[in-house]
Every structure is written in structure tokens, then in C-alpha cells.
$ cat work_20.json   # JSON, C-alpha atoms and all ligand atoms
[["chain", "number", "residue", "atom", "x", "y", "z"],
["A", 159, "MET", "CA", 28.34, -68.88, -52.52],
["A", 160, "SER", "CA", 31.61, -66.97, -52.65],
["A", 161, "ASP", "CA", 34.77, -68.01, -50.80],
["A", 162, "GLU", "CA", 34.38, -64.99, -48.58],
["A", 163, "ALA", "CA", 30.83, -65.76, -47.60],
["A", 164, "GLN", "CA", 31.96, -69.25, -46.62],
["A", 165, "GLY", "CA", 34.64, -67.80, -44.38],
["A", 166, "ARG", "CA", 37.55, -68.97, -46.52],
["A", 167, "PRO", "CA", 40.22, -66.42, -47.46],
["A", 168, "ARG", "CA", 39.42, -64.94, -50.83],
["A", 169, "ARG", "CA", 41.96, -65.79, -53.52],
["A", 170, "PHE", "CA", 43.89, -62.85, -54.84],
["A", 171, "PRO", "CA", 43.01, -62.40, -58.53],
["A", 172, "LEU", "CA", 46.66, -62.60, -59.66],
["A", 173, "PRO", "CA", 48.53, -65.86, -59.17],
["A", 174, "LEU", "CA", 51.34, -64.73, -56.87],
["A", 175, "ASP", "CA", 53.98, -67.06, -58.24],
["A", 176, "LYS", "CA", 53.44, -65.59, -61.72],
["A", 177, "LEU", "CA", 54.44, -62.10, -60.60],
["A", 178, "GLY", "CA", 57.98, -61.25, -61.62],
["A", 179, "GLY", "CA", 60.68, -59.88, -59.31],
["A", 180, "ALA", "CA", 60.02, -60.39, -55.61],
["A", 181, "LYS", "CA", 59.71, -63.83, -54.06],
["A", 182, "ALA", "CA", 56.20, -65.12, -53.60],
["A", 183, "GLY", "CA", 56.24, -64.66, -49.81],
["A", 184, "ALA", "CA", 57.31, -61.03, -49.99],
["A", 185, "THR", "CA", 54.84, -60.34, -52.77],
["A", 186, "ARG", "CA", 52.02, -61.80, -50.74],
["A", 187, "GLU", "CA", 52.83, -59.40, -47.92],
["A", 188, "LEU", "CA", 52.94, -56.44, -50.27],
["A", 189, "LEU", "CA", 49.73, -57.22, -52.03],
["A", 190, "MET", "CA", 47.54, -58.37, -49.17],
["A", 191, "PRO", "CA", 48.12, -55.98, -46.31],
["A", 192, "GLN", "CA", 44.40, -55.56, -45.52],
["A", 193, "ARG", "CA", 42.38, -57.65, -43.17],
["A", 194, "HIS", "CA", 39.10, -58.99, -44.37],
["A", 195, "LEU", "CA", 36.39, -56.41, -44.26],
["A", 196, "ARG", "CA", 34.38, -58.54, -41.86],
["A", 197, "GLU", "CA", 37.26, -58.72, -39.36],
["A", 198, "ALA", "CA", 37.95, -55.00, -39.66],
["A", 199, "ALA", "CA", 34.29, -54.22, -39.08],
["A", 200, "ALA", "CA", 34.21, -56.47, -36.03],
["A", 201, "ASP", "CA", 37.31, -54.76, -34.63],
["A", 202, "ALA", "CA", 35.80, -51.36, -35.32],
["A", 203, "ALA", "CA", 32.59, -52.30, -33.52],
["A", 204, "ARG", "CA", 34.60, -53.48, -30.50],
["A", 205, "GLN", "CA", 36.58, -50.23, -30.34],
["A", 206, "ALA", "CA", 33.60, -47.97, -30.98],
["A", 207, "ALA", "CA", 31.46, -49.48, -28.30],
["A", 208, "PRO", "CA", 33.63, -50.65, -25.42],
["A", 209, "SER", "CA", 30.65, -50.53, -23.08],
["A", 210, "GLY", "CA", 27.92, -51.27, -25.55],
["A", 211, "LEU", "CA", 27.47, -47.67, -26.64],
["A", 212, "GLY", "CA", 27.51, -46.45, -30.24],
["A", 213, "LEU", "CA", 28.87, -43.13, -31.44],
["A", 214, "ASP", "CA", 25.34, -41.77, -31.60],
["A", 215, "SER", "CA", 25.02, -42.00, -27.88],
["A", 216, "ALA", "CA", 25.18, -38.77, -25.91],
["A", 217, "GLN", "CA", 27.13, -40.70, -23.29],
["A", 218, "VAL", "CA", 30.14, -41.05, -25.59],
["A", 219, "ARG", "CA", 30.26, -37.24, -25.84],
["A", 220, "GLN", "CA", 29.68, -36.89, -22.10],
["A", 221, "ARG", "CA", 32.79, -38.97, -21.51],
["A", 222, "MET", "CA", 34.78, -36.64, -23.78],
["A", 223, "VAL", "CA", 33.39, -33.64, -21.92],
["A", 224, "GLN", "CA", 34.24, -35.12, -18.51],
["A", 225, "ARG", "CA", 37.80, -35.58, -19.71],
["A", 226, "LEU", "CA", 37.99, -31.95, -20.91],
["A", 227, "ARG", "CA", 36.55, -30.77, -17.59],
["A", 228, "ARG", "CA", 39.18, -32.78, -15.67],
["A", 229, "GLU", "CA", 41.85, -31.23, -17.86],
["A", 230, "GLY", "CA", 40.76, -27.74, -16.85],
["A", 231, "LEU", "CA", 38.04, -26.55, -19.27],
["A", 232, "ALA", "CA", 35.67, -24.95, -16.79],
["A", 233, "ASP", "CA", 33.02, -23.06, -18.80],
["A", 234, "GLU", "CA", 29.87, -25.17, -18.48],
["A", 235, "ARG", "CA", 28.19, -23.43, -21.44],
["A", 236, "VAL", "CA", 31.05, -24.50, -23.69],
["A", 237, "LEU", "CA", 31.15, -28.03, -22.22],
["A", 238, "GLN", "CA", 27.41, -28.34, -22.79],
["A", 239, "ALA", "CA", 27.77, -27.28, -26.44],
["A", 240, "LEU", "CA", 30.63, -29.78, -26.94],
["A", 241, "ALA", "CA", 28.41, -32.44, -25.40],
["A", 242, "THR", "CA", 25.66, -31.64, -27.90],
["A", 243, "VAL", "CA", 27.38, -31.57, -31.31],
["A", 244, "PRO", "CA", 27.96, -35.05, -32.81],
["A", 245, "ARG", "CA", 31.60, -34.58, -33.89],
["A", 246, "HIS", "CA", 31.67, -38.00, -35.59],
["A", 247, "GLU", "CA", 29.23, -36.72, -38.20],
["A", 248, "PHE", "CA", 31.78, -34.11, -39.33],
["A", 249, "VAL", "CA", 34.59, -36.54, -40.17],
["A", 250, "ASP", "CA", 35.00, -39.31, -42.70],
["A", 251, "SER", "CA", 33.22, -42.47, -41.55],
["A", 252, "ALA", "CA", 36.56, -44.32, -41.42],
["A", 253, "LEU", "CA", 37.72, -41.85, -38.74],
["A", 254, "ALA", "CA", 34.43, -41.61, -36.85],
["A", 255, "ILE", "CA", 35.76, -44.04, -34.28],
["A", 256, "GLN", "CA", 38.35, -41.47, -33.18],
["A", 257, "ALA", "CA", 35.93, -38.54, -33.16],
["A", 258, "TYR", "CA", 35.65, -38.33, -29.37],
["A", 259, "GLU", "CA", 39.33, -38.52, -28.66],
["A", 260, "ASP", "CA", 41.01, -35.20, -28.05],
["A", 261, "THR", "CA", 42.79, -35.11, -31.35],
["A", 262, "SER", "CA", 42.71, -33.26, -34.64],
["A", 263, "LEU", "CA", 41.78, -35.45, -37.62],
["A", 264, "PRO", "CA", 42.24, -35.05, -41.38],
["A", 265, "ILE", "CA", 39.21, -33.70, -43.28],
["A", 266, "GLY", "CA", 40.82, -33.76, -46.74],
["A", 267, "HIS", "CA", 42.60, -31.09, -48.80],
["A", 268, "GLY", "CA", 45.47, -31.06, -46.30],
["A", 269, "GLN", "CA", 43.24, -29.60, -43.56],
["A", 270, "THR", "CA", 42.13, -30.88, -40.15],
["A", 271, "ILE", "CA", 39.19, -30.71, -37.79],
["A", 272, "SER", "CA", 40.47, -28.94, -34.65],
["A", 273, "LYS", "CA", 40.99, -30.73, -31.32],
["A", 274, "PRO", "CA", 37.93, -30.49, -29.05],
["A", 275, "SER", "CA", 40.08, -29.13, -26.19],
["A", 276, "VAL", "CA", 41.35, -26.29, -28.39],
["A", 277, "VAL", "CA", 37.87, -25.51, -29.75],
["A", 278, "GLY", "CA", 36.64, -25.42, -26.14],
["A", 279, "ARG", "CA", 39.54, -23.34, -24.89],
["A", 280, "MET", "CA", 39.20, -20.69, -27.62],
["A", 281, "ILE", "CA", 35.43, -20.39, -27.29],
["A", 282, "ALA", "CA", 35.80, -20.09, -23.50],
["A", 283, "MET", "CA", 38.28, -17.26, -24.12],
["A", 284, "LEU", "CA", 35.68, -15.49, -26.31],
["A", 285, "PHE", "CA", 33.22, -15.62, -23.40],
["A", 286, "GLY", "CA", 35.68, -13.42, -21.49],
["A", 287, "GLY", "CA", 35.17, -10.52, -23.94],
["A", 288, "ALA", "CA", 33.30, -7.50, -22.51],
["A", 289, "THR", "CA", 30.15, -7.85, -24.65],
["A", 290, "ALA", "CA", 30.03, -11.65, -24.42],
["A", 291, "SER", "CA", 30.40, -11.68, -20.64],
["A", 292, "ARG", "CA", 27.72, -9.00, -20.27],
["A", 293, "GLN", "CA", 25.30, -10.82, -22.58],
["A", 294, "GLY", "CA", 26.14, -14.36, -21.51],
["A", 295, "GLN", "CA", 26.46, -15.38, -25.17],
["A", 296, "LEU", "CA", 28.90, -14.70, -27.99],
["A", 297, "GLY", "CA", 26.70, -12.26, -29.93],
["A", 298, "ARG", "CA", 27.60, -11.92, -33.60],
["A", 299, "VAL", "CA", 30.52, -14.24, -34.39],
["A", 300, "LEU", "CA", 32.96, -14.34, -37.30],
["A", 301, "GLU", "CA", 34.83, -17.62, -37.79],
["A", 302, "ILE", "CA", 37.76, -17.81, -40.20],
["A", 303, "GLY", "CA", 38.37, -21.36, -41.48],
["A", 304, "THR", "CA", 35.06, -23.27, -41.58],
["A", 305, "GLY", "CA", 36.72, -26.57, -42.49],
["A", 306, "CYS", "CA", 34.09, -29.28, -42.09],
["A", 307, "GLY", "CA", 31.87, -26.97, -40.02],
["A", 308, "TYR", "CA", 32.30, -28.59, -36.61],
["A", 309, "GLN", "CA", 33.32, -25.49, -34.68],
["A", 310, "ALA", "CA", 30.64, -23.46, -36.50],
["A", 311, "ALA", "CA", 28.05, -25.93, -35.17],
["A", 312, "VAL", "CA", 29.41, -25.53, -31.64],
["A", 313, "LEU", "CA", 29.44, -21.72, -31.98],
["A", 314, "ALA", "CA", 25.87, -21.79, -33.30],
["A", 315, "LEU", "CA", 24.69, -23.07, -29.92],
["A", 316, "LEU", "CA", 26.35, -20.16, -28.12],
["A", 317, "ALA", "CA", 25.86, -17.17, -30.41],
["A", 318, "LYS", "CA", 23.19, -14.95, -31.90],
["A", 319, "GLN", "CA", 24.68, -15.26, -35.37],
["A", 320, "VAL", "CA", 27.67, -17.05, -36.91],
["A", 321, "VAL", "CA", 29.36, -16.03, -40.15],
["A", 322, "SER", "CA", 32.02, -18.57, -41.14],
["A", 323, "ILE", "CA", 34.43, -18.20, -44.06],
["A", 324, "GLU", "CA", 36.35, -20.94, -45.90],
["A", 325, "ARG", "CA", 38.79, -20.45, -48.79],
["A", 326, "LEU", "CA", 38.65, -24.03, -50.15],
["A", 327, "LYS", "CA", 35.48, -24.62, -52.17],
["A", 328, "PRO", "CA", 35.24, -28.39, -51.54],
["A", 329, "LEU", "CA", 35.40, -27.85, -47.76],
["A", 330, "HIS", "CA", 32.95, -24.96, -47.93],
["A", 331, "ASP", "CA", 30.55, -27.32, -49.77],
["A", 332, "LYS", "CA", 31.17, -30.13, -47.29],
["A", 333, "ALA", "CA", 30.43, -27.85, -44.35],
["A", 334, "ARG", "CA", 27.24, -26.68, -46.05],
["A", 335, "GLN", "CA", 26.16, -30.32, -46.32],
["A", 336, "ASN", "CA", 27.13, -31.13, -42.73],
["A", 337, "LEU", "CA", 25.31, -28.12, -41.32],
["A", 338, "ALA", "CA", 22.20, -28.41, -43.52],
["A", 339, "GLN", "CA", 21.18, -31.48, -41.53],
["A", 340, "ARG", "CA", 21.43, -29.52, -38.31],
["A", 341, "ARG", "CA", 19.02, -26.69, -39.20],
["A", 342, "HIS", "CA", 21.30, -23.93, -37.95],
["A", 343, "HIS", "CA", 19.49, -21.03, -39.61],
["A", 344, "HIS", "CA", 21.65, -18.41, -37.96],
["A", 345, "VAL", "CA", 24.89, -19.80, -39.45],
["A", 346, "ARG", "CA", 26.01, -18.21, -42.72],
["A", 347, "LEU", "CA", 28.76, -19.95, -44.64],
["A", 348, "ILE", "CA", 30.85, -17.76, -46.94],
["A", 349, "TYR", "CA", 33.25, -18.99, -49.62],
["A", 350, "GLY", "CA", 36.05, -16.45, -49.65],
["A", 351, "ASP", "CA", 39.36, -15.26, -48.23],
["A", 352, "GLY", "CA", 38.87, -14.96, -44.49],
["A", 353, "ARG", "CA", 41.87, -12.62, -44.18],
["A", 354, "LEU", "CA", 39.46, -9.96, -45.47],
["A", 355, "GLY", "CA", 36.81, -10.80, -42.86],
["A", 356, "HIS", "CA", 33.24, -10.21, -44.03],
["A", 357, "ALA", "CA", 32.52, -6.48, -44.10],
["A", 358, "PRO", "CA", 28.83, -6.75, -45.09],
["A", 359, "ALA", "CA", 28.01, -8.49, -41.79],
["A", 360, "ALA", "CA", 30.42, -6.49, -39.58],
["A", 361, "PRO", "CA", 30.89, -5.50, -36.83],
["A", 362, "PHE", "CA", 31.32, -8.73, -34.84],
["A", 363, "ASP", "CA", 31.29, -9.20, -31.07],
["A", 364, "SER", "CA", 33.52, -12.28, -31.33],
["A", 365, "ILE", "CA", 36.08, -13.28, -33.95],
["A", 366, "ILE", "CA", 37.74, -16.71, -33.95],
["A", 367, "ALA", "CA", 40.34, -18.03, -36.40],
["A", 368, "ALA", "CA", 41.02, -21.72, -37.00],
["A", 369, "ALA", "CA", 44.16, -21.08, -39.05],
["A", 370, "GLY", "CA", 47.29, -19.20, -38.04],
["A", 371, "GLY", "CA", 49.22, -16.55, -39.99],
["A", 372, "GLU", "CA", 52.21, -14.28, -39.49],
["A", 373, "ASP", "CA", 50.03, -11.44, -38.29],
["A", 374, "ILE", "CA", 46.44, -10.51, -37.35],
["A", 375, "PRO", "CA", 44.89, -9.11, -40.55],
["A", 376, "ALA", "CA", 43.86, -5.46, -40.27],
["A", 377, "ALA", "CA", 40.36, -6.28, -41.54],
["A", 378, "TRP", "CA", 39.67, -8.40, -38.44],
["A", 379, "LEU", "CA", 40.41, -5.50, -36.10],
["A", 380, "ALA", "CA", 38.39, -3.12, -38.28],
["A", 381, "GLN", "CA", 35.42, -5.53, -38.07],
["A", 382, "LEU", "CA", 35.65, -6.17, -34.31],
["A", 383, "ALA", "CA", 32.94, -4.21, -32.45],
["A", 384, "PRO", "CA", 33.86, -2.13, -29.39],
["A", 385, "GLY", "CA", 33.51, -4.54, -26.44],
["A", 386, "GLY", "CA", 34.35, -7.41, -28.78],
["A", 387, "ARG", "CA", 37.10, -10.00, -28.46],
["A", 388, "LEU", "CA", 39.18, -11.84, -31.04],
["A", 389, "ALA", "CA", 40.99, -15.15, -30.45],
["A", 390, "ALA", "CA", 43.40, -16.48, -33.06],
["A", 391, "PRO", "CA", 46.55, -18.54, -33.46],
["A", 392, "MET", "CA", 49.51, -16.54, -34.72],
["A", 393, "ALA", "CA", 53.19, -17.11, -35.45],
["A", 394, "ALA", "CA", 55.20, -16.73, -32.23],
["A", 395, "ALA", "CA", 58.03, -14.22, -32.12],
["A", 396, "GLY", "CA", 61.33, -15.60, -33.35],
["A", 397, "GLY", "CA", 59.74, -18.20, -35.64],
["A", 398, "ARG", "CA", 59.04, -20.55, -32.74],
["A", 399, "GLY", "CA", 55.68, -22.11, -33.65],
["A", 400, "GLN", "CA", 52.32, -20.53, -32.93],
["A", 401, "VAL", "CA", 50.64, -19.02, -29.87],
["A", 402, "LEU", "CA", 47.05, -18.08, -29.11],
["A", 403, "VAL", "CA", 46.51, -14.34, -29.28],
["A", 404, "VAL", "CA", 43.55, -12.55, -27.70],
["A", 405, "ILE", "CA", 42.67, -8.97, -28.67],
["A", 406, "ASP", "CA", 40.00, -6.85, -26.96],
["A", 407, "HIS", "CA", 38.52, -3.79, -28.63],
["A", 408, "GLN", "CA", 38.08, -1.19, -25.89],
["A", 409, "LEU", "CA", 36.99, 2.43, -26.02],
["A", 410, "ASP", "CA", 38.84, 4.95, -23.88],
["A", 411, "ALA", "CA", 37.11, 7.79, -22.02],
["A", 412, "GLY", "CA", 37.24, 9.99, -25.12],
["A", 413, "GLY", "CA", 35.63, 7.25, -27.24],
["A", 414, "ALA", "CA", 38.82, 6.34, -29.12],
["A", 415, "SER", "CA", 39.50, 2.68, -29.94],
["A", 416, "ARG", "CA", 42.22, 0.74, -28.12],
["A", 417, "PHE", "CA", 43.17, -2.81, -29.02],
["A", 418, "VAL", "CA", 44.50, -4.63, -25.97],
["A", 419, "ARG", "CA", 46.41, -7.76, -26.78],
["A", 420, "SER", "CA", 47.55, -10.76, -24.75],
["A", 421, "GLU", "CA", 49.48, -13.88, -25.72],
["A", 422, "HIS", "CA", 48.69, -17.33, -24.39],
["A", 423, "GLU", "CA", 49.80, -20.94, -24.78],
["A", 424, "ALA", "CA", 51.51, -22.55, -27.76],
["A", 425, "VAL", "CA", 49.19, -24.16, -30.35],
["A", 426, "LEU", "CA", 49.44, -25.89, -33.69],
["A", 427, "PHE", "CA", 46.98, -24.82, -36.39],
["A", 428, "VAL", "CA", 47.05, -25.16, -40.18],
["A", 429, "PRO", "CA", 48.40, -22.04, -41.95],
["A", 430, "LEU", "CA", 46.19, -19.06, -42.71],
["A", 431, "LYS", "CA", 46.55, -18.59, -46.47],
["A", 432, "SER", "CA", 45.52, -15.85, -48.88],
["A", 433, "GLY", "CA", 43.09, -16.10, -51.78],
["A", 434, "VAL", "CA", 40.58, -18.83, -52.58],
["A", 435, "MET", "CA", 40.87, -22.22, -54.27],
["B", 501, "LIG", "N1", 36.89, -24.81, -37.92],
["B", 501, "LIG", "C1", 37.35, -26.11, -38.33],
["B", 501, "LIG", "C2", 38.85, -26.15, -38.51],
["B", 501, "LIG", "C3", 39.25, -26.24, -39.93],
["B", 501, "LIG", "S1", 40.99, -26.17, -40.24],
["B", 501, "LIG", "C4", 36.85, -27.15, -37.35],
["B", 501, "LIG", "O1", 35.75, -27.01, -36.90],
["B", 501, "LIG", "O2", 37.53, -28.11, -37.05],
["B", 501, "LIG", "C5", 41.18, -24.49, -40.75],
["B", 501, "LIG", "C6", 40.57, -24.13, -42.05],
["B", 501, "LIG", "O3", 40.99, -22.79, -42.35],
["B", 501, "LIG", "C7", 40.98, -24.95, -43.25],
["B", 501, "LIG", "O4", 39.85, -25.54, -43.82],
["B", 501, "LIG", "C8", 41.62, -23.93, -44.22],
["B", 501, "LIG", "O5", 41.31, -24.15, -45.58],
["B", 501, "LIG", "C9", 40.98, -22.64, -43.73],
["B", 501, "LIG", "N2", 41.69, -21.42, -44.11],
["B", 501, "LIG", "C10", 43.01, -21.16, -44.14],
["B", 501, "LIG", "N3", 43.24, -19.88, -44.56],
["B", 501, "LIG", "C11", 42.00, -19.33, -44.78],
["B", 501, "LIG", "C12", 41.55, -18.05, -45.22],
["B", 501, "LIG", "N4", 42.40, -17.06, -45.55],
["B", 501, "LIG", "N5", 40.23, -17.84, -45.34],
["B", 501, "LIG", "C13", 39.34, -18.82, -45.02],
["B", 501, "LIG", "N6", 39.69, -20.04, -44.61],
["B", 501, "LIG", "C14", 41.01, -20.30, -44.48]]
$ encode --input "work_20.json" --output "C-alpha cells"
Amino acid sequence: MSDEAQGRPRRFPLPLDKLGGAKAGATRELLMPQRHLREAAADAARQAAPSGLGLDSAQVRQRMVQRLRREGLADERVLQALATVPRHEFVDSALAIQAYEDTSLPIGHGQTISKPSVVGRMIAMLFGGATASRQGQLGRVLEIGTGCGYQAAVLALLAKQVVSIERLKPLHDKARQNLAQRRHHHVRLIYGDGRLGHAPAAPFDSIIAAAGGEDIPAAWLAQLAPGGRLAAPMAAAGGRGQVLVVIDHQLDAGGASRFVRSEHEAVLFVPLKSGVM
């Protein structure tokens, strides 16, 4: 039986006093910062299930949704979708414990999964578009910045079709894996530069960006259907962070396009970049 199985601390493979330089005490601290796996797992279980519930439980998501509702997210369709998608399955298992906190989390390659409150807020904004509010659903949606696919899964519950573009191949592949298990047949994942939109599937009733640039790319406006609405983070004037921008494509009496734009609260998204990697 190993030391560990008997509950004794496992000996570090290198004799500490044989290591040159630092004193043994200091070296011990440097080399053994981790707790035993068993202790860490026990801690994790305590944190994950404060009231005996695992992350798989719908009640954990309901608690998140109640919090978002208290904080002002009022669209019940969006809250319902957030209550349905198991966010913990879209992040690394080591971070799953934090999946129902209102926080962005790393998903690798310098990118993050967006905060649930921001996902909810932006999708609720899309519901205010002319076509979406008439139809009671988001219609044909273009998402720029698939990441791990979480928001695409939420959108899938609220839209007729979702086309989602990611410029980083490993994340595109990860999202494909994450979504395959969910049988979302009306979600199309595209590996490409989202600044160009996706002309073959245009026009879109709703466009949502999960990365913020200096401007709103012309292709997005060109691919936004009349009656459609776009919501995206964008650099604020004067280099002061990012704000949410909403643009509605309206037709005037003569049938000419007008793009009506409004600016909303400050946000913090990863940068919208050009090209693919
Ligand atoms: N939608 C994700 C958020 C991912 S973070 C979620 O559900 O949480 C934003 C993503 O946008 C990153 O993965 C980043 O690689 C991607 N991105 C940035 N610029 C892009 C571009 N031009 N085209 C497509 N994806 C882009």
C-alpha cells in the first residue's frame, strides 16, 4: 500500500536537504505548494454542493437565474434559456465549480467564456429588434466569437438558426465537440474571420458579437436584414474602454435603409481581431 493510500504525506522524490541554494524550509514551501489531491477533491465537493446539490442539478442554474433576475434581467425567455444550458460543461473541469457564478472564465488561448449576465443582457437587447419582437424569437442569428460555444447553445434555444464564427481553430473545434453532445442541428459553426460575417447565410435578423473592435465592420451592417438588430461591444470614444452598441436596420417610407444606433453601458470583452489562426 502506498504512503498516500495510508493517509501519510507522500515523500517528495528529491531529498530536500540535497537541493543546493535555498534552505530546506524555503525549498519545501517552493516545491510542495499543492494540497493532497484527496483534500482538494473534498474541498471541491464541499464548495460545489453547499446544499447537497451537484453541478448537474437544474437547481444550481435556477439559483444563478434568480440572481440575474434580482439584478434586473427581466426577459423570461432569456432567463429560461440560461436556466437550461449547463454552463459547467463548457469550461475546463477544474473551473466547473465557478460555472454558475456571474463571472467570465478562461477557456484557453487567451480567451474567456462571457459572463452570464452579459450574455443575458445582450440577448435580451436582440429581442427588442423589430423582427425579433414581432416573431417572439431571434430568427436567423449570426454570432461572432464562438469561443467554447456556450452563448451559441443559449441562442440555439431562442432562434430559428444560429451561424457562429470563430477565428481560432482549437476553440472552433472545442465548440464543435461541446455542441455535438447537445444535438443543436440548427447551429452552424464556421471557422473564419467573423469581421467578414458569413455572406452565404445572410441576411440575419440578429447579429451578436462576443469580441469588441474599434468599429462595427461594414460586412455586419450589409448582412443585417431590414427589421434586424445588431448588438456588439465596441471601443468607446476617446479610448475609454468599451461600450455596448445596438444598431437597428430600418427602412424609411421610400424603402431606403437607415441604420439607427444607440450606445449603452460599459463592458469588457476580448478584442475583435482580424484573420484566422
Ligand atoms: N461566445 C463565447 C465568448 C467567447 S470570447 C461564449 O459563449 O462565452 C470571444 C471569442 O471571439 C474568442 O474566442 C475570440 O477568439 C473570438 N474572436 C475574436 N475576433 C474574432 C473574429 N474576427 N472572428 C471570429 N472570432 C473572433
$ closest_residue --input "work_20.json" --among "A:Gly396, A:Gly287, A:Gly433, A:Gly370" --to "A:Gln408" --atoms "only C-alpha atoms"
A:Gly287
$ residues_near_ligand --input "work_20.json" --ligand "ligand LIG 501 (chain B)" --cutoff "7 Å" --atoms "only C-alpha atoms and all ligand atoms" --output "MDAnalysis selection string"
chainID A and resid 269:272 302:310 323:326 329 350:353 368:369 428:433
$ atom_distance --input "work_20.json" --atom1 "atom CA of A:Ala314" --atom2 "atom CA of A:His330"
16.6 Å
$ closest_residue --input "work_20.json" --among "A:Phe248, A:Leu354, A:Leu409, A:Ala377" --to "A:Arg334" --atoms "only C-alpha atoms"
A:Phe248
$ closest_residue --input "work_20.json" --among "A:Leu426, A:Leu313, A:Leu296, A:Val403" --to "A:Ala239" --atoms "all atoms listed in the file"
A:Leu313
$ atom_distance --input "work_20.json" --atom1 "atom CA of A:Asp406" --atom2 "atom CA of A:Pro384"
8.1 Å
$ residues_around --input "work_20.json" --residues "stretch 397-399 of chain A" --least-positions-apart "2" --cutoff "8 Å" --atoms "only C-alpha atoms" --output "list in words"
Ala393, Ala394, Ala395, Val401, Ala424, Val425 and Leu426 of chain A
$ closest_residue --input "work_20.json" --among "A:Gly412, A:Gly268, A:Pro361, A:Gly355" --to "A:Gly385" --atoms "all atoms listed in the file"
A:Pro361
$ closest_residue --input "work_20.json" --among "A:Ala288, A:Ala360, A:Ile265, A:Ala414" --to "A:Pro328" --atoms "all atoms listed in the file"
A:Ile265
